[in-house]
$ cat work-v7.csv   # CSV, C-alpha atoms
chain,number,residue,atom,x,y,z
I,928,MET,CA,97.1,106.9,115.3
I,929,ARG,CA,100.1,107.8,113.3
I,930,HIS,CA,103.2,106.0,111.9
I,931,PHE,CA,106.1,106.3,114.4
I,932,GLY,CA,103.5,107.5,116.9
I,933,HIS,CA,105.1,105.2,119.5
I,934,VAL,CA,108.3,107.2,119.2
I,935,ALA,CA,108.9,110.0,121.6
I,936,PRO,CA,107.9,113.4,120.1
I,937,GLU,CA,111.4,114.9,120.6
I,938,VAL,CA,112.9,111.9,118.6
I,939,ARG,CA,110.3,112.4,115.8
I,940,GLN,CA,111.3,116.0,115.6
I,941,ARG,CA,115.0,115.0,115.1
I,942,LEU,CA,114.1,112.4,112.5
I,943,PHE,CA,111.4,114.1,110.4
I,944,HIS,CA,111.4,117.1,108.1
I,945,GLN,CA,107.6,116.5,108.0
I,946,GLU,CA,106.2,114.2,110.6
I,947,PRO,CA,103.6,111.5,109.6
I,948,CYS,CA,100.1,112.7,109.9
I,949,GLU,CA,97.5,111.6,112.4
I,950,PHE,CA,94.6,109.5,111.1
I,951,THR,CA,91.7,107.4,112.4
I,952,ALA,CA,89.6,104.6,111.1
I,953,ASP,CA,87.2,107.3,109.8
I,954,SER,CA,89.8,109.1,107.7
I,955,PRO,CA,89.4,109.3,103.9
I,956,ALA,CA,89.9,106.0,102.1
I,957,ARG,CA,92.6,107.5,99.9
I,958,LEU,CA,94.8,108.2,103.0
I,959,LEU,CA,94.0,105.0,104.8
I,960,SER,CA,94.9,102.9,101.7
I,961,ALA,CA,98.3,104.6,101.6
I,962,ALA,CA,98.8,104.3,105.4
I,963,LEU,CA,98.2,100.6,105.9
I,964,GLY,CA,101.9,100.0,106.1
I,965,ALA,CA,102.9,96.6,107.4
I,966,THR,CA,99.6,94.8,107.9
I,967,LEU,CA,100.2,92.2,110.6
I,968,TYR,CA,98.2,88.9,110.4
I,969,SER,CA,97.2,87.0,113.5
I,970,PRO,CA,95.1,83.9,113.9
I,971,ALA,CA,91.7,84.7,115.3
I,972,THR,CA,92.0,81.9,117.8
I,973,ARG,CA,94.7,83.5,119.9
I,974,PRO,CA,93.3,83.4,123.5
I,975,ARG,CA,94.9,86.8,124.5
I,976,LEU,CA,94.1,88.5,121.2
I,977,ALA,CA,92.9,91.8,122.7
I,978,ASP,CA,96.2,92.0,124.7
I,979,ASP,CA,98.2,91.2,121.5
I,980,ILE,CA,96.4,94.0,119.6
I,981,VAL,CA,97.1,96.6,122.2
I,982,LYS,CA,100.7,95.5,122.5
I,983,GLN,CA,101.3,95.7,118.7
I,984,ALA,CA,99.6,99.1,118.5
I,985,GLY,CA,102.1,100.3,121.2
I,986,SER,CA,105.0,99.1,119.0
I,987,GLY,CA,103.9,100.9,115.8
I,988,VAL,CA,101.5,98.6,114.1
I,989,VAL,CA,98.6,100.5,112.4
I,990,SER,CA,96.8,97.7,110.6
I,991,MET,CA,96.0,94.1,111.5
I,992,VAL,CA,94.1,91.2,110.0
I,993,LEU,CA,92.5,88.7,112.3
I,994,CYS,CA,92.4,85.5,110.3
I,995,LEU,CA,89.6,82.9,110.2
I,996,GLU,CA,90.9,81.4,107.0
I,997,ASP,CA,94.2,79.6,106.2
I,998,SER,CA,96.0,80.4,109.4
I,999,ILE,CA,93.6,78.2,111.5
I,1000,ASP,CA,92.3,74.6,111.2
I,1001,ASP,CA,89.0,74.0,109.6
I,1002,ALA,CA,87.7,72.6,112.8
I,1003,ASP,CA,88.5,75.8,114.7
I,1004,VAL,CA,86.4,78.2,112.7
I,1005,VAL,CA,83.5,78.3,115.1
I,1006,ALA,CA,85.8,78.7,118.1
I,1007,GLY,CA,87.7,81.5,116.2
I,1008,GLU,CA,84.5,83.4,115.6
I,1009,GLU,CA,83.4,83.1,119.3
I,1010,ASN,CA,86.9,84.2,120.3
I,1011,LEU,CA,86.7,87.3,118.1
I,1012,VAL,CA,83.4,88.3,119.6
I,1013,ARG,CA,84.9,88.0,123.1
I,1014,GLN,CA,88.1,89.8,122.2
I,1015,PHE,CA,86.4,92.7,120.5
I,1016,ALA,CA,84.1,93.2,123.5
I,1017,ASP,CA,87.3,93.2,125.7
I,1018,LEU,CA,88.9,95.8,123.5
I,1019,ASP,CA,85.8,97.9,123.4
I,1020,SER,CA,85.7,98.0,127.2
I,1021,ARG,CA,89.2,99.4,127.6
I,1022,ALA,CA,88.9,103.2,128.0
I,1023,GLY,CA,91.4,105.3,126.1
I,1024,VAL,CA,92.7,102.4,124.0
I,1025,GLU,CA,93.0,103.1,120.3
I,1026,PRO,CA,93.6,99.8,118.4
I,1027,PRO,CA,95.0,99.6,114.9
I,1028,LEU,CA,92.8,99.4,111.8
I,1029,LEU,CA,91.3,95.9,112.3
I,1030,PHE,CA,90.1,93.6,109.5
I,1031,ILE,CA,88.7,90.1,109.7
I,1032,ARG,CA,89.7,87.5,107.1
I,1033,VAL,CA,86.7,85.3,106.5
I,1034,ARG,CA,86.0,82.2,104.5
I,1035,ALA,CA,82.5,82.6,103.4
I,1036,PRO,CA,80.3,85.7,102.5
I,1037,GLU,CA,77.7,84.8,105.2
I,1038,GLN,CA,80.3,85.3,107.9
I,1039,ILE,CA,80.4,89.0,107.2
I,1040,PRO,CA,76.9,90.1,108.3
I,1041,ASP,CA,76.8,87.4,111.0
I,1042,LEU,CA,80.0,88.6,112.6
I,1043,VAL,CA,79.0,92.3,112.4
I,1044,ARG,CA,75.7,91.4,114.2
I,1045,ARG,CA,77.5,89.4,116.9
I,1046,LEU,CA,80.1,92.0,117.5
I,1047,GLY,CA,77.3,94.5,118.4
I,1048,ALA,CA,78.6,97.8,119.7
I,1049,ALA,CA,82.2,96.6,119.4
I,1050,ALA,CA,81.8,96.6,115.6
I,1051,ARG,CA,82.8,100.2,115.9
I,1052,LEU,CA,86.4,98.9,116.2
I,1053,LEU,CA,86.2,97.0,112.9
I,1054,SER,CA,87.4,98.6,109.7
I,1055,GLY,CA,86.4,95.8,107.3
I,1056,PHE,CA,87.1,92.3,105.9
I,1057,VAL,CA,89.7,90.5,103.9
I,1058,VAL,CA,88.3,88.4,101.1
I,1059,PRO,CA,90.4,85.3,100.2
I,1060,LYS,CA,91.1,83.9,96.7
I,1061,PHE,CA,89.3,86.7,95.0
I,1062,THR,CA,87.9,86.4,91.5
I,1063,GLU,CA,84.8,88.0,90.0
I,1064,GLU,CA,82.7,84.9,90.5
I,1065,ARG,CA,83.8,84.2,94.1
I,1066,GLY,CA,84.4,87.7,95.2
I,1067,LEU,CA,81.1,89.5,94.3
I,1068,PRO,CA,79.1,87.6,97.0
I,1069,PHE,CA,81.6,88.8,99.6
I,1070,LEU,CA,81.3,92.4,98.4
I,1071,GLU,CA,77.6,92.3,98.3
I,1072,ALA,CA,77.5,90.8,101.9
I,1073,LEU,CA,79.8,93.6,103.1
I,1074,THR,CA,77.6,96.3,101.5
I,1075,ALA,CA,74.6,94.8,103.2
I,1076,ALA,CA,76.4,94.5,106.6
I,1077,GLU,CA,77.5,98.1,106.3
I,1078,ALA,CA,73.9,99.3,105.6
I,1079,GLU,CA,72.6,97.3,108.5
I,1080,SER,CA,75.2,98.4,111.0
I,1081,GLY,CA,75.6,102.0,109.9
I,1082,ARG,CA,79.3,101.5,110.1
I,1083,ARG,CA,81.7,102.1,107.2
I,1084,LEU,CA,83.3,98.9,106.2
I,1085,PHE,CA,86.1,98.2,103.7
I,1086,ALA,CA,87.0,95.1,101.7
I,1087,MET,CA,90.6,94.0,101.0
I,1088,PRO,CA,90.4,91.3,98.3
I,1089,VAL,CA,93.4,88.9,98.2
I,1090,LEU,CA,94.5,88.0,94.7
I,1091,GLU,CA,95.9,84.5,95.0
I,1092,SER,CA,93.8,82.1,92.9
I,1093,PRO,CA,95.3,79.6,90.4
I,1094,GLU,CA,93.2,81.2,87.6
I,1095,LEU,CA,95.1,84.4,88.1
I,1096,LEU,CA,98.4,82.6,88.1
I,1097,TYR,CA,97.9,80.4,85.0
I,1098,ARG,CA,98.8,82.1,81.8
I,1099,GLU,CA,95.8,80.8,79.8
I,1100,SER,CA,93.3,82.2,82.2
I,1101,ARG,CA,95.1,85.3,83.6
I,1102,VAL,CA,93.8,88.0,81.4
I,1103,ASP,CA,90.1,86.9,81.7
I,1104,THR,CA,90.5,86.6,85.5
I,1105,LEU,CA,92.1,90.0,85.8
I,1106,GLU,CA,89.3,91.6,83.7
I,1107,GLY,CA,86.7,90.0,85.9
I,1108,ILE,CA,88.4,91.2,89.1
I,1109,ALA,CA,88.6,94.7,87.6
I,1110,ARG,CA,84.9,94.6,86.9
I,1111,ALA,CA,84.1,93.4,90.4
I,1112,VAL,CA,86.2,95.9,92.3
I,1113,ASP,CA,85.3,98.8,90.1
I,1114,LYS,CA,81.6,98.1,90.8
I,1115,PHE,CA,82.4,98.4,94.6
I,1116,ARG,CA,85.2,100.9,94.2
I,1117,ASP,CA,84.2,103.0,97.3
I,1118,ARG,CA,84.3,99.8,99.5
I,1119,VAL,CA,87.7,98.4,98.2
I,1120,LEU,CA,90.5,99.8,100.3
I,1121,ALA,CA,93.4,97.9,98.8
I,1122,LEU,CA,94.2,94.7,96.8
I,1123,ARG,CA,96.5,92.2,98.5
I,1124,LEU,CA,98.8,89.7,96.7
I,1125,GLY,CA,98.8,86.1,97.9
I,1126,VAL,CA,102.2,85.0,96.7
I,1127,THR,CA,102.5,82.0,98.9
I,1128,ASP,CA,99.4,80.5,97.2
I,1129,PHE,CA,101.0,81.3,93.8
I,1130,CYS,CA,104.1,79.4,94.7
I,1131,SER,CA,102.2,76.5,96.0
I,1132,SER,CA,100.6,75.9,92.6
I,1133,TYR,CA,104.1,75.0,91.3
I,1134,GLY,CA,105.5,73.4,94.5
I,1135,LEU,CA,107.9,76.4,94.9
I,1136,ARG,CA,109.1,78.3,98.0
I,1137,ARG,CA,111.5,81.1,97.8
I,1138,ALA,CA,114.6,81.0,100.0
I,1139,PRO,CA,115.4,83.7,102.5
I,1140,ASP,CA,118.0,85.3,100.2
I,1141,MET,CA,115.5,85.5,97.3
I,1142,THR,CA,112.6,87.8,96.8
I,1143,ALA,CA,109.2,87.2,95.1
I,1144,TYR,CA,110.7,89.0,92.1
I,1145,ASP,CA,113.3,86.3,91.7
I,1146,VAL,CA,110.6,83.7,91.1
I,1147,GLN,CA,109.7,84.5,87.6
I,1148,VAL,CA,106.3,82.9,87.4
I,1149,VAL,CA,105.3,85.0,90.4
I,1150,ALA,CA,107.0,88.2,89.2
I,1151,SER,CA,105.0,88.0,86.0
I,1152,VAL,CA,101.7,87.9,87.9
I,1153,ILE,CA,102.7,90.9,90.0
I,1154,ALA,CA,103.5,92.8,86.9
I,1155,ASP,CA,100.2,92.0,85.3
I,1156,VAL,CA,98.2,92.9,88.5
I,1157,VAL,CA,99.9,96.3,88.7
I,1158,ASN,CA,99.5,96.7,84.9
I,1159,MET,CA,95.7,96.2,85.0
I,1160,LEU,CA,94.7,97.2,88.6
I,1161,GLY,CA,97.4,99.6,89.8
I,1162,ARG,CA,97.3,102.3,87.2
I,1163,ALA,CA,97.8,106.0,88.2
I,1164,ASP,CA,95.1,107.3,85.9
I,1165,GLY,CA,92.3,107.2,88.5
I,1166,THR,CA,91.2,103.7,87.7
I,1167,GLY,CA,93.8,101.9,89.8
I,1168,PHE,CA,93.8,100.7,93.4
I,1169,THR,CA,96.5,100.4,96.1
I,1170,VAL,CA,98.2,97.0,95.7
I,1171,THR,CA,100.1,95.8,98.7
I,1172,GLY,CA,103.3,93.7,98.8
I,1173,PRO,CA,103.4,90.0,99.4
I,1174,VAL,CA,104.1,88.3,102.7
I,1175,TRP,CA,107.7,87.6,103.8
I,1176,GLU,CA,107.8,84.2,105.3
I,1177,TYR,CA,111.0,84.2,107.3
I,1178,PHE,CA,111.2,85.3,110.9
I,1179,ARG,CA,113.6,83.0,112.7
I,1180,VAL,CA,115.6,85.9,114.3
I,1181,PRO,CA,113.6,88.4,116.3
I,1182,GLU,CA,114.5,92.1,116.3
I,1183,ARG,CA,115.9,91.7,119.8
I,1184,MET,CA,119.0,89.9,118.4
I,1185,PHE,CA,120.1,93.0,116.5
I,1186,LYS,CA,118.6,95.5,118.9
I,1187,PRO,CA,121.7,96.0,121.0
I,1188,GLN,CA,123.8,97.0,118.0
I,1189,LEU,CA,121.3,99.6,117.1
I,1190,ARG,CA,121.0,101.2,120.5
I,1191,GLN,CA,124.5,102.5,120.9
I,1192,SER,CA,123.5,106.2,121.4
I,1193,PRO,CA,120.4,108.4,121.6
I,1194,PHE,CA,120.6,109.1,117.9
I,1195,LEU,CA,121.9,105.6,117.2
I,1196,GLU,CA,125.2,106.4,115.6
I,1197,VAL,CA,125.7,103.1,113.9
I,1198,GLN,CA,127.2,102.7,110.4
I,1199,ALA,CA,124.9,101.6,107.7
I,1200,VAL,CA,127.3,98.9,106.6
I,1201,GLU,CA,127.3,97.4,110.2
I,1202,LEU,CA,123.5,97.2,110.2
I,1203,ARG,CA,123.4,95.7,106.8
I,1204,GLU,CA,125.9,93.0,107.8
I,1205,LYS,CA,123.9,92.2,110.9
I,1206,LEU,CA,120.7,92.0,108.9
I,1207,ILE,CA,122.2,89.7,106.3
I,1208,GLU,CA,123.5,87.5,109.0
I,1209,HIS,CA,120.0,87.2,110.4
I,1210,ALA,CA,118.1,86.6,107.2
I,1211,MET,CA,116.6,90.1,107.0
I,1212,ASP,CA,118.4,91.3,103.9
I,1213,GLY,CA,116.0,89.4,101.6
I,1214,LEU,CA,113.1,91.3,103.3
I,1215,LEU,CA,114.7,94.6,102.8
I,1216,ARG,CA,115.4,93.9,99.1
I,1217,GLU,CA,111.8,92.7,98.6
I,1218,ILE,CA,110.4,95.9,100.2
I,1219,SER,CA,112.5,98.0,97.9
I,1220,LEU,CA,111.4,96.0,94.9
I,1221,ASP,CA,107.8,96.2,96.0
I,1222,GLN,CA,108.0,100.0,95.9
I,1223,ALA,CA,109.9,100.0,92.6
I,1224,ASN,CA,107.1,97.9,91.1
I,1225,GLY,CA,104.3,100.1,92.3
I,1226,LEU,CA,103.3,98.3,95.5
I,1227,LEU,CA,102.7,100.0,98.8
I,1228,GLY,CA,102.5,98.4,102.2
I,1229,LYS,CA,103.1,94.7,102.9
I,1230,THR,CA,101.4,91.6,104.4
I,1231,CYS,CA,103.4,90.6,107.5
I,1232,ILE,CA,103.2,87.5,109.7
I,1233,HIS,CA,105.7,88.5,112.3
I,1234,PRO,CA,106.2,91.7,114.3
I,1235,SER,CA,109.9,92.0,113.4
I,1236,HIS,CA,108.9,92.8,109.8
I,1237,VAL,CA,106.8,95.8,110.7
I,1238,LEU,CA,109.6,98.4,111.4
I,1239,PRO,CA,111.6,97.6,108.2
I,1240,VAL,CA,108.4,98.1,106.1
I,1241,HIS,CA,107.6,101.4,107.8
I,1242,ALA,CA,111.2,102.7,107.8
I,1243,LEU,CA,111.5,102.1,104.1
I,1244,SER,CA,108.2,103.7,103.5
I,1245,VAL,CA,109.3,107.1,104.8
I,1246,VAL,CA,109.8,109.5,102.0
I,1247,SER,CA,113.4,110.8,101.7
I,1248,HIS,CA,114.1,114.5,101.8
I,1249,GLU,CA,115.4,114.2,98.2
I,1250,GLU,CA,112.2,112.5,96.9
I,1251,PHE,CA,110.1,115.1,98.7
I,1252,SER,CA,112.0,118.0,97.2
I,1253,ASP,CA,111.6,116.5,93.7
I,1254,ALA,CA,107.9,115.9,94.2
I,1255,GLN,CA,107.3,119.4,95.4
I,1256,ASP,CA,109.2,120.9,92.6
I,1257,ILE,CA,107.3,118.9,90.0
I,1258,LEU,CA,103.9,119.8,91.4
I,1259,ARG,CA,104.5,123.6,91.8
I,1260,PRO,CA,101.5,125.4,90.2
I,1261,GLU,CA,103.8,127.3,87.9
I,1262,ARG,CA,104.9,124.0,86.5
I,1263,GLY,CA,101.4,123.1,85.2
I,1264,GLY,CA,102.4,123.6,81.6
I,1265,GLY,CA,105.2,121.0,81.8
I,1266,GLY,CA,108.8,121.3,81.0
I,1267,VAL,CA,112.1,119.9,82.4
I,1268,LEU,CA,114.0,121.1,85.4
I,1269,ARG,CA,117.1,120.1,87.3
I,1270,SER,CA,116.6,118.5,90.6
I,1271,ALA,CA,117.4,120.7,93.6
I,1272,TYR,CA,119.9,117.9,94.5
I,1273,THR,CA,121.5,118.6,91.1
I,1274,ASN,CA,121.7,114.9,90.3
I,1275,LYS,CA,118.7,114.2,88.0
I,1276,MET,CA,116.2,115.5,85.6
I,1277,ASN,CA,112.7,116.1,86.7
I,1278,GLU,CA,110.3,116.1,83.7
I,1279,VAL,CA,107.0,117.7,84.9
I,1280,LYS,CA,104.4,115.8,82.9
I,1281,PRO,CA,105.8,112.3,83.0
I,1282,HIS,CA,106.8,112.5,86.7
I,1283,ARG,CA,103.5,114.1,87.9
I,1284,ALA,CA,101.8,110.9,88.9
I,1285,TRP,CA,104.9,109.7,90.7
I,1286,ALA,CA,105.1,113.1,92.5
I,1287,GLU,CA,101.4,112.9,93.6
I,1288,ARG,CA,101.9,109.4,95.0
I,1289,THR,CA,105.1,110.4,96.7
I,1290,LEU,CA,103.3,113.3,98.5
I,1291,LEU,CA,100.5,111.0,99.6
I,1292,ARG,CA,103.1,108.6,101.0
I,1293,ALA,CA,104.8,111.6,102.7
I,1294,GLU,CA,101.5,112.5,104.4
I,1295,ALA,CA,101.1,109.0,105.7
I,1296,PHE,CA,104.7,108.1,106.6
I,1297,GLY,CA,106.4,111.4,106.9
I,1298,VAL,CA,109.5,112.9,105.3
I,1299,ALA,CA,113.0,112.2,106.8
I,1300,ARG,CA,115.4,115.0,107.5
I,1301,GLU,CA,118.1,115.5,104.9
I,1302,ASP,CA,120.7,113.6,107.0
I,1303,VAL,CA,118.4,110.8,108.3
I,1304,GLY,CA,118.2,107.5,106.6
I,1305,PHE,CA,116.8,104.0,107.0
I,1306,VAL,CA,119.2,103.0,109.8
I,1307,GLU,CA,118.1,105.9,112.1
I,1308,LEU,CA,114.4,105.4,111.3
I,1309,LEU,CA,114.6,101.6,112.0
I,1310,ALA,CA,116.5,102.0,115.2
I,1311,ALA,CA,114.4,104.7,116.6
I,1312,GLY,CA,111.3,102.7,116.1
I,1313,ILE,CA,112.4,99.7,118.2
I,1314,PRO,CA,110.4,100.0,121.4
I,1315,GLY,CA,111.8,99.8,124.9
$ encode --input "work-v7.csv" --output "structure tokens"
Amino acid sequence: MRHFGHVAPEVRQRLFHQEPCEFTADSPARLLSAALGATLYSPATRPRLADDIVKQAGSGVVSMVLCLEDSIDDADVVAGEENLVRQFADLDSRAGVEPPLLFIRVRAPEQIPDLVRRLGAAARLLSGFVVPKFTEERGLPFLEALTAAEAESGRRLFAMPVLESPELLYRESRVDTLEGIARAVDKFRDRVLALRLGVTDFCSSYGLRRAPDMTAYDVQVVASVIADVVNMLGRADGTGFTVTGPVWEYFRVPERMFKPQLRQSPFLEVQAVELREKLIEHAMDGLLREISLDQANGLLGKTCIHPSHVLPVHALSVVSHEEFSDAQDILRPERGGGGVLRSAYTNKMNEVKPHRAWAERTLLRAEAFGVAREDVGFVELLAAGIPG
């Protein structure tokens, strides 16, 4: 699979200075954590789940979470598990089908080894499990169960803990909770692919819900948690993890409503201001601002609950030609001793030592999402990715 892999090769060649790389579920964890992109959640009870997964893969989704937790009723858990076993078997029987990276969000540790056994040979399609409401005390049994299931099945499995507990939100318990989470995930570092933020749960603790024109960063009690999570768990010194952006809740207008405006020509010659006005009109501007703020605050990828959110996340994850040029200049071997140099775009200072970690992260993102050509921006990338 690859980002923008559903786009025709000749279109990718026009869009990208460096195309996104190909990867599989067996690729190195460092690449997979950067390549998660827009991780699309789906209730595990959907009766045509296998068809849904194939459809989403065909429209550019590269990671999905099949949820047995908050997205389904307590009474439907057993039926959801049974449905997952059937749907994985269906997927496994389809020759030539490559699904996205698939994760199951469970409620209890014992579900992990039980589901892996019940999936049987189809477990080869499973990349891991999402662990809800993660703290050191609650999370360790999940990580231990995952390690045991991995050993029993012989299949590499990853965990993606969700940081969403009240203990993490409340000021008086936050530092202790973060220190405990850090101990737990460090102990299982090779198994933790990424940390996910559960901002909806944070808001619920205070009876809050952000409006479609506001981002998570406008809700100060939430923004403070994000800052502290990145501070303690997202460091670039080798101790940190990939931290993904929070869910965007609004999806009242599907992509089809602004699709005609974007498809005016083969290279989609539409003015950026026109697209922006259309997106604002249809409650997408908040999403675009939040994605940009996610990246500015050290987050990569995003939890998504609607397919229309996927393309904006991926289009804004592509590295610009200017970013790529700066990152390459900073990391040239002859720059190893440090120093300051003028950007090739002649609009900024690149200071080799302070900007090195940024440059390394940028080139990893470039590997996963590609580098746009110098004259290609978000509008063209978004429009080219709309299927059909």
$ residues_near_point --input "work-v7.csv" --point "(104.1, 113.5, 88.4)" --cutoff "12 Å" --atoms "all atoms listed in the file" --output "list in words"
Ala1163, Asp1164, Glu1250, Asp1253, Ala1254, Gln1255, Asp1256, Ile1257, Leu1258, Arg1259, Arg1262, Gly1263, Gly1265, Gly1266, Val1267, Asn1277, Glu1278, Val1279, Lys1280, Pro1281, His1282, Arg1283, Ala1284, Trp1285, Ala1286, Glu1287, Arg1288, Thr1289 and Leu1290 of chain I
$ write_last_selection --input "work-v7.csv" --atoms "C-alpha atoms" --output "PDB file, in the coordinates of the input"
ATOM      1  CA  ALA I1163      97.800 106.000  88.200  1.00  0.00           C
ATOM      2  CA  ASP I1164      95.100 107.300  85.900  1.00  0.00           C
ATOM      3  CA  GLU I1250     112.200 112.500  96.900  1.00  0.00           C
ATOM      4  CA  ASP I1253     111.600 116.500  93.700  1.00  0.00           C
ATOM      5  CA  ALA I1254     107.900 115.900  94.200  1.00  0.00           C
ATOM      6  CA  GLN I1255     107.300 119.400  95.400  1.00  0.00           C
ATOM      7  CA  ASP I1256     109.200 120.900  92.600  1.00  0.00           C
ATOM      8  CA  ILE I1257     107.300 118.900  90.000  1.00  0.00           C
ATOM      9  CA  LEU I1258     103.900 119.800  91.400  1.00  0.00           C
ATOM     10  CA  ARG I1259     104.500 123.600  91.800  1.00  0.00           C
ATOM     11  CA  ARG I1262     104.900 124.000  86.500  1.00  0.00           C
ATOM     12  CA  GLY I1263     101.400 123.100  85.200  1.00  0.00           C
ATOM     13  CA  GLY I1265     105.200 121.000  81.800  1.00  0.00           C
ATOM     14  CA  GLY I1266     108.800 121.300  81.000  1.00  0.00           C
ATOM     15  CA  VAL I1267     112.100 119.900  82.400  1.00  0.00           C
ATOM     16  CA  ASN I1277     112.700 116.100  86.700  1.00  0.00           C
ATOM     17  CA  GLU I1278     110.300 116.100  83.700  1.00  0.00           C
ATOM     18  CA  VAL I1279     107.000 117.700  84.900  1.00  0.00           C
ATOM     19  CA  LYS I1280     104.400 115.800  82.900  1.00  0.00           C
ATOM     20  CA  PRO I1281     105.800 112.300  83.000  1.00  0.00           C
ATOM     21  CA  HIS I1282     106.800 112.500  86.700  1.00  0.00           C
ATOM     22  CA  ARG I1283     103.500 114.100  87.900  1.00  0.00           C
ATOM     23  CA  ALA I1284     101.800 110.900  88.900  1.00  0.00           C
ATOM     24  CA  TRP I1285     104.900 109.700  90.700  1.00  0.00           C
ATOM     25  CA  ALA I1286     105.100 113.100  92.500  1.00  0.00           C
ATOM     26  CA  GLU I1287     101.400 112.900  93.600  1.00  0.00           C
ATOM     27  CA  ARG I1288     101.900 109.400  95.000  1.00  0.00           C
ATOM     28  CA  THR I1289     105.100 110.400  96.700  1.00  0.00           C
ATOM     29  CA  LEU I1290     103.300 113.300  98.500  1.00  0.00           C
TER      30      LEU I1290
END
$ atom_distance --input "work-v7.csv" --atom1 "CA of Ser1151 (chain I)" --atom2 "CA of Arg1101 (chain I)"
10.5 Å
$ residues_around --input "work-v7.csv" --residues "region 1052-1055 of chain I" --least-positions-apart "2" --cutoff "7 Å" --atoms "only C-alpha atoms" --output "list in words"
Ala952, Leu1028, Leu1029, Phe1030, Ile1031, Ala1049, Ala1050, Leu1084, Phe1085 and Ala1086 of chain I
$ residues_around --input "work-v7.csv" --residues "region 1240-1245 of chain I" --least-positions-apart "3" --cutoff "9 Å" --atoms "only C-alpha atoms" --output "ChimeraX atom specification"
/I:930-931,947,964-965,987,1214-1215,1218-1219,1222,1227-1229,1236-1237,1292-1293,1295-1299,1304-1309,1312
$ closest_residue --input "work-v7.csv" --among "I:Lys1114, I:Lys1060, I:Lys1275, I:Arg1162" --to "Arg1034 (chain I)" --atoms "all atoms listed in the file"
I:Lys1060
$ closest_residue --input "work-v7.csv" --among "I:Gly1134, I:Gly1081, I:Pro1260, I:Pro1234" --to "Val989 (chain I)" --atoms "all atoms listed in the file"
I:Pro1234
$ closest_atom_pairs --input "work-v7.csv" --of "region 960-1010 of chain I" --to "region 1116-1122 of chain I" --cutoff "12 Å" --atoms "all atoms listed in the file" --output "JSON lines"
{"residue": "I:Ser960", "atom": "CA", "partner": "I:Leu1120", "partner_atom": "CA", "distance": 5.6}
{"residue": "I:Ala961", "atom": "CA", "partner": "I:Ala1121", "partner_atom": "CA", "distance": 8.8}
{"residue": "I:Ala962", "atom": "CA", "partner": "I:Ala1121", "partner_atom": "CA", "distance": 10.7}
{"residue": "I:Leu963", "atom": "CA", "partner": "I:Ala1121", "partner_atom": "CA", "distance": 9.0}
{"residue": "I:Gly964", "atom": "CA", "partner": "I:Ala1121", "partner_atom": "CA", "distance": 11.4}
{"residue": "I:Thr966", "atom": "CA", "partner": "I:Ala1121", "partner_atom": "CA", "distance": 11.4}
$ residues_around --input "work-v7.csv" --residues "Met1159 (chain I)" --least-positions-apart "3" --cutoff "9 Å" --atoms "all atoms listed in the file" --output "PyMOL selection string"
chain I and resi 1105-1106+1109+1154-1156+1162+1167
$ atom_distance --input "work-v7.csv" --atom1 "CA of Pro1173 (chain I)" --atom2 "CA of Ala1223 (chain I)"
13.7 Å
$ atom_distance --input "work-v7.csv" --atom1 "CA of Glu1294 (chain I)" --atom2 "CA of Gln945 (chain I)"
8.1 Å
$ build_atoms --input "work-v7.csv" --residues "region 1282-1291 of chain I" --atoms "N, CA and C atoms" --output "compact mmCIF listing (two decimals), keeping the file's coordinate frame"
# COMPACT_ATOMS: atom_id res chain seq x y z
N HIS I 1282 106.51 112.82 85.25
CA HIS I 1282 106.80 112.50 86.70
C HIS I 1282 105.64 112.98 87.59
N ARG I 1283 104.59 113.55 87.03
CA ARG I 1283 103.50 114.10 87.90
C ARG I 1283 102.84 113.04 88.72
N ALA I 1284 102.47 111.92 88.12
CA ALA I 1284 101.80 110.90 88.90
C ALA I 1284 102.67 110.34 89.99
N TRP I 1285 103.97 110.17 89.69
CA TRP I 1285 104.90 109.70 90.70
C TRP I 1285 104.94 110.76 91.87
N ALA I 1286 104.99 112.03 91.52
CA ALA I 1286 105.10 113.10 92.50
C ALA I 1286 103.82 113.08 93.42
N GLU I 1287 102.66 112.90 92.82
CA GLU I 1287 101.40 112.90 93.60
C GLU I 1287 101.40 111.69 94.56
N ARG I 1288 101.82 110.54 94.09
CA ARG I 1288 101.90 109.40 95.00
C ARG I 1288 102.92 109.57 96.08
N THR I 1289 104.01 110.20 95.75
CA THR I 1289 105.10 110.40 96.70
C THR I 1289 104.57 111.36 97.85
N LEU I 1290 103.84 112.41 97.50
CA LEU I 1290 103.30 113.30 98.50
C LEU I 1290 102.25 112.67 99.37
N LEU I 1291 101.48 111.75 98.80
CA LEU I 1291 100.50 111.00 99.60
C LEU I 1291 101.24 110.09 100.59
